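Reviewing the structure listed below.
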Amino acid sequence: MNHLYPIFLKVHKLNVLLIGGGFVATEKLEFLLKSSPEAQVTVVSKFYRPDFLELAEGKESVTLIEDAYHEKYLGGKHIVITATDDKTVNRQIRNEAKERFLLVNVADTPDLCDFYLGGIVTKGNLKIAISTNGKSPTTAKRLRQLLEEVLPEEIDDLLENLNAYRATLKGDFEYKVKAMNEVTEELVRREARLERQDLKSCKL
């Protein structure tokens, strides 16, 4: 059973600590910046891969510290991601972070994670998160690629139009919900009809 509760964090308003400068840490930073280009990230590592430095270059919201991990770096942080190649150090970071009630992600160690960095699909204002409960990140990646191909770029225009329509509605919250449900339900029916027509055309 998947007990995860999905939320969308404003990481440009939170302080993230990333420990590590290797391949996995590069992947974690890339994920953060892709989802939130202005994510506030402090990175601590004794060394950095060239591609990590290239990724962080020019990013004012990313601070690099060349040092070994120390508990002092947890100060003022909201989220901790540890991606070192030392399991003992990763566990130490996790334990010290939990003492401060911080949310922790330990790379490639689901049992020590408070959250996972799943696959993210972004189309303008639309953002879809995909999780396999830590079982198969590769599957989440493939699903992300599929949705990125299937979802049209024009979907953001649809969201803007629906938002403008919602702003014109008068009445209480219950009325607005009902009205928006009716509009979006009709859109789904219309798309379903178009798909059936396309399928018939293919068969012919």
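Residue numbering restarts at 1 in every chain; chains get A, B, ... in the order shown in the structure tokens, and ligands count up from 1 in that same order.
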Quick one: everything within 12 Å of stretch 116-119 of chain A, counting only C-alpha atoms, minus sequence neighbours fewer than 3 positions away in the same chain. Send it as a PDB file with N, CA and C atoms, in the first residue's frame.
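Contents of selection21.pdb, as written:
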ATOM      1  N   LEU A   4       1.938   7.423   0.935  1.00  0.00           N
ATOM      2  CA  LEU A   4       2.473   8.763   0.711  1.00  0.00           C
ATOM      3  C   LEU A   4       1.355   9.782   0.498  1.00  0.00           C
ATOM      4  N   TYR A   5       1.579  10.988   1.022  1.00  0.00           N
ATOM      5  CA  TYR A   5       0.642  12.091   0.820  1.00  0.00           C
ATOM      6  C   TYR A   5       1.335  13.139  -0.056  1.00  0.00           C
ATOM      7  N   PRO A   6       0.892  13.310  -1.296  1.00  0.00           N
ATOM      8  CA  PRO A   6       1.579  14.235  -2.209  1.00  0.00           C
ATOM      9  C   PRO A   6       1.294  15.698  -1.891  1.00  0.00           C
ATOM     10  N   ILE A   7       2.350  16.501  -1.876  1.00  0.00           N
ATOM     11  CA  ILE A   7       2.204  17.948  -1.705  1.00  0.00           C
ATOM     12  C   ILE A   7       3.164  18.634  -2.680  1.00  0.00           C
ATOM     13  N   PHE A   8       2.904  19.906  -2.969  1.00  0.00           N
ATOM     14  CA  PHE A   8       3.776  20.676  -3.835  1.00  0.00           C
ATOM     15  C   PHE A   8       4.398  21.792  -2.994  1.00  0.00           C
ATOM     16  N   LEU A   9       5.701  21.725  -2.807  1.00  0.00           N
ATOM     17  CA  LEU A   9       6.414  22.661  -1.947  1.00  0.00           C
ATOM     18  C   LEU A   9       6.938  23.861  -2.734  1.00  0.00           C
ATOM     19  N   GLU A  27      22.242  14.773  -9.822  1.00  0.00           N
ATOM     20  CA  GLU A  27      20.895  14.396 -10.239  1.00  0.00           C
ATOM     21  C   GLU A  27      19.845  15.055  -9.354  1.00  0.00           C
ATOM     22  N   LYS A  28      20.115  15.091  -8.044  1.00  0.00           N
ATOM     23  CA  LYS A  28      19.166  15.708  -7.109  1.00  0.00           C
ATOM     24  C   LYS A  28      19.045  17.207  -7.360  1.00  0.00           C
ATOM     25  N   LEU A  29      20.188  17.883  -7.574  1.00  0.00           N
ATOM     26  CA  LEU A  29      20.148  19.320  -7.829  1.00  0.00           C
ATOM     27  C   LEU A  29      19.444  19.614  -9.149  1.00  0.00           C
ATOM     28  N   GLU A  30      19.722  18.807 -10.149  1.00  0.00           N
ATOM     29  CA  GLU A  30      19.071  18.985 -11.446  1.00  0.00           C
ATOM     30  C   GLU A  30      17.557  18.856 -11.316  1.00  0.00           C
ATOM     31  N   PHE A  31      17.115  17.886 -10.527  1.00  0.00           N
ATOM     32  CA  PHE A  31      15.681  17.676 -10.297  1.00  0.00           C
ATOM     33  C   PHE A  31      15.063  18.899  -9.633  1.00  0.00           C
ATOM     34  N   LEU A  32      15.726  19.424  -8.607  1.00  0.00           N
ATOM     35  CA  LEU A  32      15.206  20.588  -7.884  1.00  0.00           C
ATOM     36  C   LEU A  32      15.098  21.807  -8.797  1.00  0.00           C
ATOM     37  N   LYS A  34      15.035  21.933 -12.074  1.00  0.00           N
ATOM     38  CA  LYS A  34      14.096  21.751 -13.177  1.00  0.00           C
ATOM     39  C   LYS A  34      12.677  22.062 -12.718  1.00  0.00           C
ATOM     40  N   SER A  35      12.329  21.603 -11.522  1.00  0.00           N
ATOM     41  CA  SER A  35      10.980  21.839 -11.001  1.00  0.00           C
ATOM     42  C   SER A  35      10.814  23.262 -10.487  1.00  0.00           C
ATOM     43  N   ILE A  79      14.611  21.492   4.716  1.00  0.00           N
ATOM     44  CA  ILE A  79      14.669  20.197   4.035  1.00  0.00           C
ATOM     45  C   ILE A  79      16.130  19.789   3.869  1.00  0.00           C
ATOM     46  N   VAL A  80      16.414  18.511   4.073  1.00  0.00           N
ATOM     47  CA  VAL A  80      17.782  18.001   3.925  1.00  0.00           C
ATOM     48  C   VAL A  80      17.780  16.843   2.935  1.00  0.00           C
ATOM     49  N   ILE A  81      18.693  16.904   1.964  1.00  0.00           N
ATOM     50  CA  ILE A  81      18.889  15.813   1.009  1.00  0.00           C
ATOM     51  C   ILE A  81      20.339  15.384   1.108  1.00  0.00           C
ATOM     52  N   LEU A 103      12.721  17.580   7.460  1.00  0.00           N
ATOM     53  CA  LEU A 103      12.367  16.550   6.491  1.00  0.00           C
ATOM     54  C   LEU A 103      13.630  16.101   5.773  1.00  0.00           C
ATOM     55  N   VAL A 104      13.806  14.785   5.645  1.00  0.00           N
ATOM     56  CA  VAL A 104      15.056  14.245   5.113  1.00  0.00           C
ATOM     57  C   VAL A 104      14.804  13.277   3.955  1.00  0.00           C
ATOM     58  N   ASN A 105      15.656  13.394   2.943  1.00  0.00           N
ATOM     59  CA  ASN A 105      15.704  12.409   1.861  1.00  0.00           C
ATOM     60  C   ASN A 105      17.124  11.856   1.804  1.00  0.00           C
ATOM     61  N   VAL A 106      17.254  10.548   1.973  1.00  0.00           N
ATOM     62  CA  VAL A 106      18.553   9.887   1.870  1.00  0.00           C
ATOM     63  C   VAL A 106      18.572   9.135   0.549  1.00  0.00           C
ATOM     64  N   ALA A 107      19.454   9.554  -0.355  1.00  0.00           N
ATOM     65  CA  ALA A 107      19.484   8.992  -1.699  1.00  0.00           C
ATOM     66  C   ALA A 107      19.635   7.479  -1.682  1.00  0.00           C
ATOM     67  N   ASP A 108      18.780   6.822  -2.460  1.00  0.00           N
ATOM     68  CA  ASP A 108      18.833   5.363  -2.649  1.00  0.00           C
ATOM     69  C   ASP A 108      18.627   4.567  -1.359  1.00  0.00           C
ATOM     70  N   THR A 109      17.994   5.194  -0.361  1.00  0.00           N
ATOM     71  CA  THR A 109      17.716   4.492   0.898  1.00  0.00           C
ATOM     72  C   THR A 109      16.294   4.838   1.337  1.00  0.00           C
ATOM     73  N   PRO A 110      15.281   4.247   0.713  1.00  0.00           N
ATOM     74  CA  PRO A 110      13.880   4.591   0.980  1.00  0.00           C
ATOM     75  C   PRO A 110      13.485   4.519   2.454  1.00  0.00           C
ATOM     76  N   ASP A 111      14.032   3.545   3.192  1.00  0.00           N
ATOM     77  CA  ASP A 111      13.646   3.379   4.595  1.00  0.00           C
ATOM     78  C   ASP A 111      14.035   4.570   5.463  1.00  0.00           C
ATOM     79  N   LEU A 112      15.016   5.361   5.029  1.00  0.00           N
ATOM     80  CA  LEU A 112      15.471   6.507   5.814  1.00  0.00           C
ATOM     81  C   LEU A 112      14.888   7.826   5.306  1.00  0.00           C
ATOM     82  N   CYS A 113      13.987   7.755   4.336  1.00  0.00           N
ATOM     83  CA  CYS A 113      13.425   8.967   3.717  1.00  0.00           C
ATOM     84  C   CYS A 113      12.089   9.371   4.338  1.00  0.00           C
ATOM     85  N   THR A 122       5.790  18.948 -16.181  1.00  0.00           N
ATOM     86  CA  THR A 122       5.400  20.352 -16.126  1.00  0.00           C
ATOM     87  C   THR A 122       5.003  20.845 -17.500  1.00  0.00           C
ATOM     88  N   LYS A 127       1.292  20.874 -13.275  1.00  0.00           N
ATOM     89  CA  LYS A 127       2.410  20.076 -12.764  1.00  0.00           C
ATOM     90  C   LYS A 127       1.854  18.780 -12.200  1.00  0.00           C
ATOM     91  N   ILE A 128       2.404  17.658 -12.668  1.00  0.00           N
ATOM     92  CA  ILE A 128       1.959  16.339 -12.236  1.00  0.00           C
ATOM     93  C   ILE A 128       3.133  15.613 -11.602  1.00  0.00           C
ATOM     94  N   ALA A 129       2.934  15.111 -10.388  1.00  0.00           N
ATOM     95  CA  ALA A 129       3.981  14.360  -9.687  1.00  0.00           C
ATOM     96  C   ALA A 129       3.678  12.868  -9.774  1.00  0.00           C
ATOM     97  N   ILE A 130       4.720  12.071  -9.994  1.00  0.00           N
ATOM     98  CA  ILE A 130       4.567  10.627 -10.128  1.00  0.00           C
ATOM     99  C   ILE A 130       5.431   9.935  -9.081  1.00  0.00           C
ATOM    100  N   SER A 131       4.845   9.019  -8.344  1.00  0.00           N
ATOM    101  CA  SER A 131       5.602   8.275  -7.343  1.00  0.00           C
ATOM    102  C   SER A 131       5.309   6.787  -7.452  1.00  0.00           C
ATOM    103  N   THR A 132       6.344   5.982  -7.274  1.00  0.00           N
ATOM    104  CA  THR A 132       6.171   4.528  -7.214  1.00  0.00           C
ATOM    105  C   THR A 132       6.449   4.031  -5.794  1.00  0.00           C
ATOM    106  N   ASN A 133       6.319   4.948  -4.828  1.00  0.00           N
ATOM    107  CA  ASN A 133       6.547   4.603  -3.417  1.00  0.00           C
ATOM    108  C   ASN A 133       7.983   4.123  -3.200  1.00  0.00           C
ATOM    109  N   GLY A 134       8.907   4.661  -3.991  1.00  0.00           N
ATOM    110  CA  GLY A 134      10.307   4.310  -3.853  1.00  0.00           C
ATOM    111  C   GLY A 134      10.682   2.966  -4.452  1.00  0.00           C
ATOM    112  N   LYS A 135       9.727   2.297  -5.102  1.00  0.00           N
ATOM    113  CA  LYS A 135       9.974   0.948  -5.623  1.00  0.00           C
ATOM    114  C   LYS A 135      10.726   0.960  -6.958  1.00  0.00           C
ATOM    115  N   SER A 136      10.401   1.917  -7.827  1.00  0.00           N
ATOM    116  CA  SER A 136      11.023   1.899  -9.147  1.00  0.00           C
ATOM    117  C   SER A 136      11.106   3.309  -9.732  1.00  0.00           C
ATOM    118  N   PRO A 137      12.171   4.053  -9.405  1.00  0.00           N
ATOM    119  CA  PRO A 137      12.352   5.388  -9.982  1.00  0.00           C
ATOM    120  C   PRO A 137      12.384   5.371 -11.507  1.00  0.00           C
ATOM    121  N   THR A 138      12.866   4.274 -12.086  1.00  0.00           N
ATOM    122  CA  THR A 138      12.928   4.173 -13.548  1.00  0.00           C
ATOM    123  C   THR A 138      11.528   4.183 -14.153  1.00  0.00           C
ATOM    124  N   THR A 139      10.585   3.494 -13.497  1.00  0.00           N
ATOM    125  CA  THR A 139       9.200   3.486 -13.979  1.00  0.00           C
ATOM    126  C   THR A 139       8.605   4.888 -13.913  1.00  0.00           C
ATOM    127  N   ALA A 140       8.873   5.593 -12.820  1.00  0.00           N
ATOM    128  CA  ALA A 140       8.389   6.969 -12.683  1.00  0.00           C
ATOM    129  C   ALA A 140       8.960   7.843 -13.796  1.00  0.00           C
ATOM    130  N   LYS A 141      10.215   7.613 -14.130  1.00  0.00           N
ATOM    131  CA  LYS A 141      10.862   8.378 -15.207  1.00  0.00           C
ATOM    132  C   LYS A 141      10.188   8.113 -16.544  1.00  0.00           C
ATOM    133  N   ARG A 142       9.891   6.828 -16.838  1.00  0.00           N
ATOM    134  CA  ARG A 142       9.263   6.482 -18.115  1.00  0.00           C
ATOM    135  C   ARG A 142       7.847   7.046 -18.213  1.00  0.00           C
ATOM    136  N   LEU A 143       7.108   7.002 -17.112  1.00  0.00           N
ATOM    137  CA  LEU A 143       5.764   7.573 -17.105  1.00  0.00           C
ATOM    138  C   LEU A 143       5.818   9.079 -17.326  1.00  0.00           C
ATOM    139  N   ARG A 144       6.817   9.716 -16.723  1.00  0.00           N
ATOM    140  CA  ARG A 144       6.993  11.156 -16.930  1.00  0.00           C
ATOM    141  C   ARG A 144       7.228  11.456 -18.413  1.00  0.00           C
ATOM    142  N   GLN A 145       8.095  10.689 -19.041  1.00  0.00           N
ATOM    143  CA  GLN A 145       8.382  10.898 -20.455  1.00  0.00           C
ATOM    144  C   GLN A 145       7.137  10.707 -21.314  1.00  0.00           C
ATOM    145  N   LEU A 146       6.342   9.697 -20.959  1.00  0.00           N
ATOM    146  CA  LEU A 146       5.107   9.427 -21.701  1.00  0.00           C
ATOM    147  C   LEU A 146       4.137  10.593 -21.592  1.00  0.00           C
ATOM    148  N   LEU A 147       3.923  11.086 -20.374  1.00  0.00           N
ATOM    149  CA  LEU A 147       2.984  12.190 -20.168  1.00  0.00           C
ATOM    150  C   LEU A 147       3.474  13.472 -20.824  1.00  0.00           C
ATOM    151  N   GLU A 148       4.779  13.686 -20.824  1.00  0.00           N
ATOM    152  CA  GLU A 148       5.319  14.876 -21.480  1.00  0.00           C
ATOM    153  C   GLU A 148       5.030  14.854 -22.981  1.00  0.00           C
TER     154      GLU A 148
END
Please, which residues of chain A, numbered as in this document, come out alpha helix (DSSP H) from DSSP, as a ChimeraX atom specification? /A:23-35,50-56,87-99,137-150,155-168,173-203
The residue from A:Gly21, A:Pro50, A:Gly58, A:Gly124 with the smallest atom-to-atom distance to A:Thr82, counting only C-alpha atoms, is A:Gly21
Could you tell me how far atom CA of A:Asn15 sits from atom CA of A:Lys77, in Å to one decimal place?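 Rounded to one decimal, the two atoms are 4.9 Å apart.
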What does the structure give for the distance between atom CA of A:Thr184 and atom CA of A:Thr168, in Å to one decimal?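 Distance between the two atoms: 15.7 Å.
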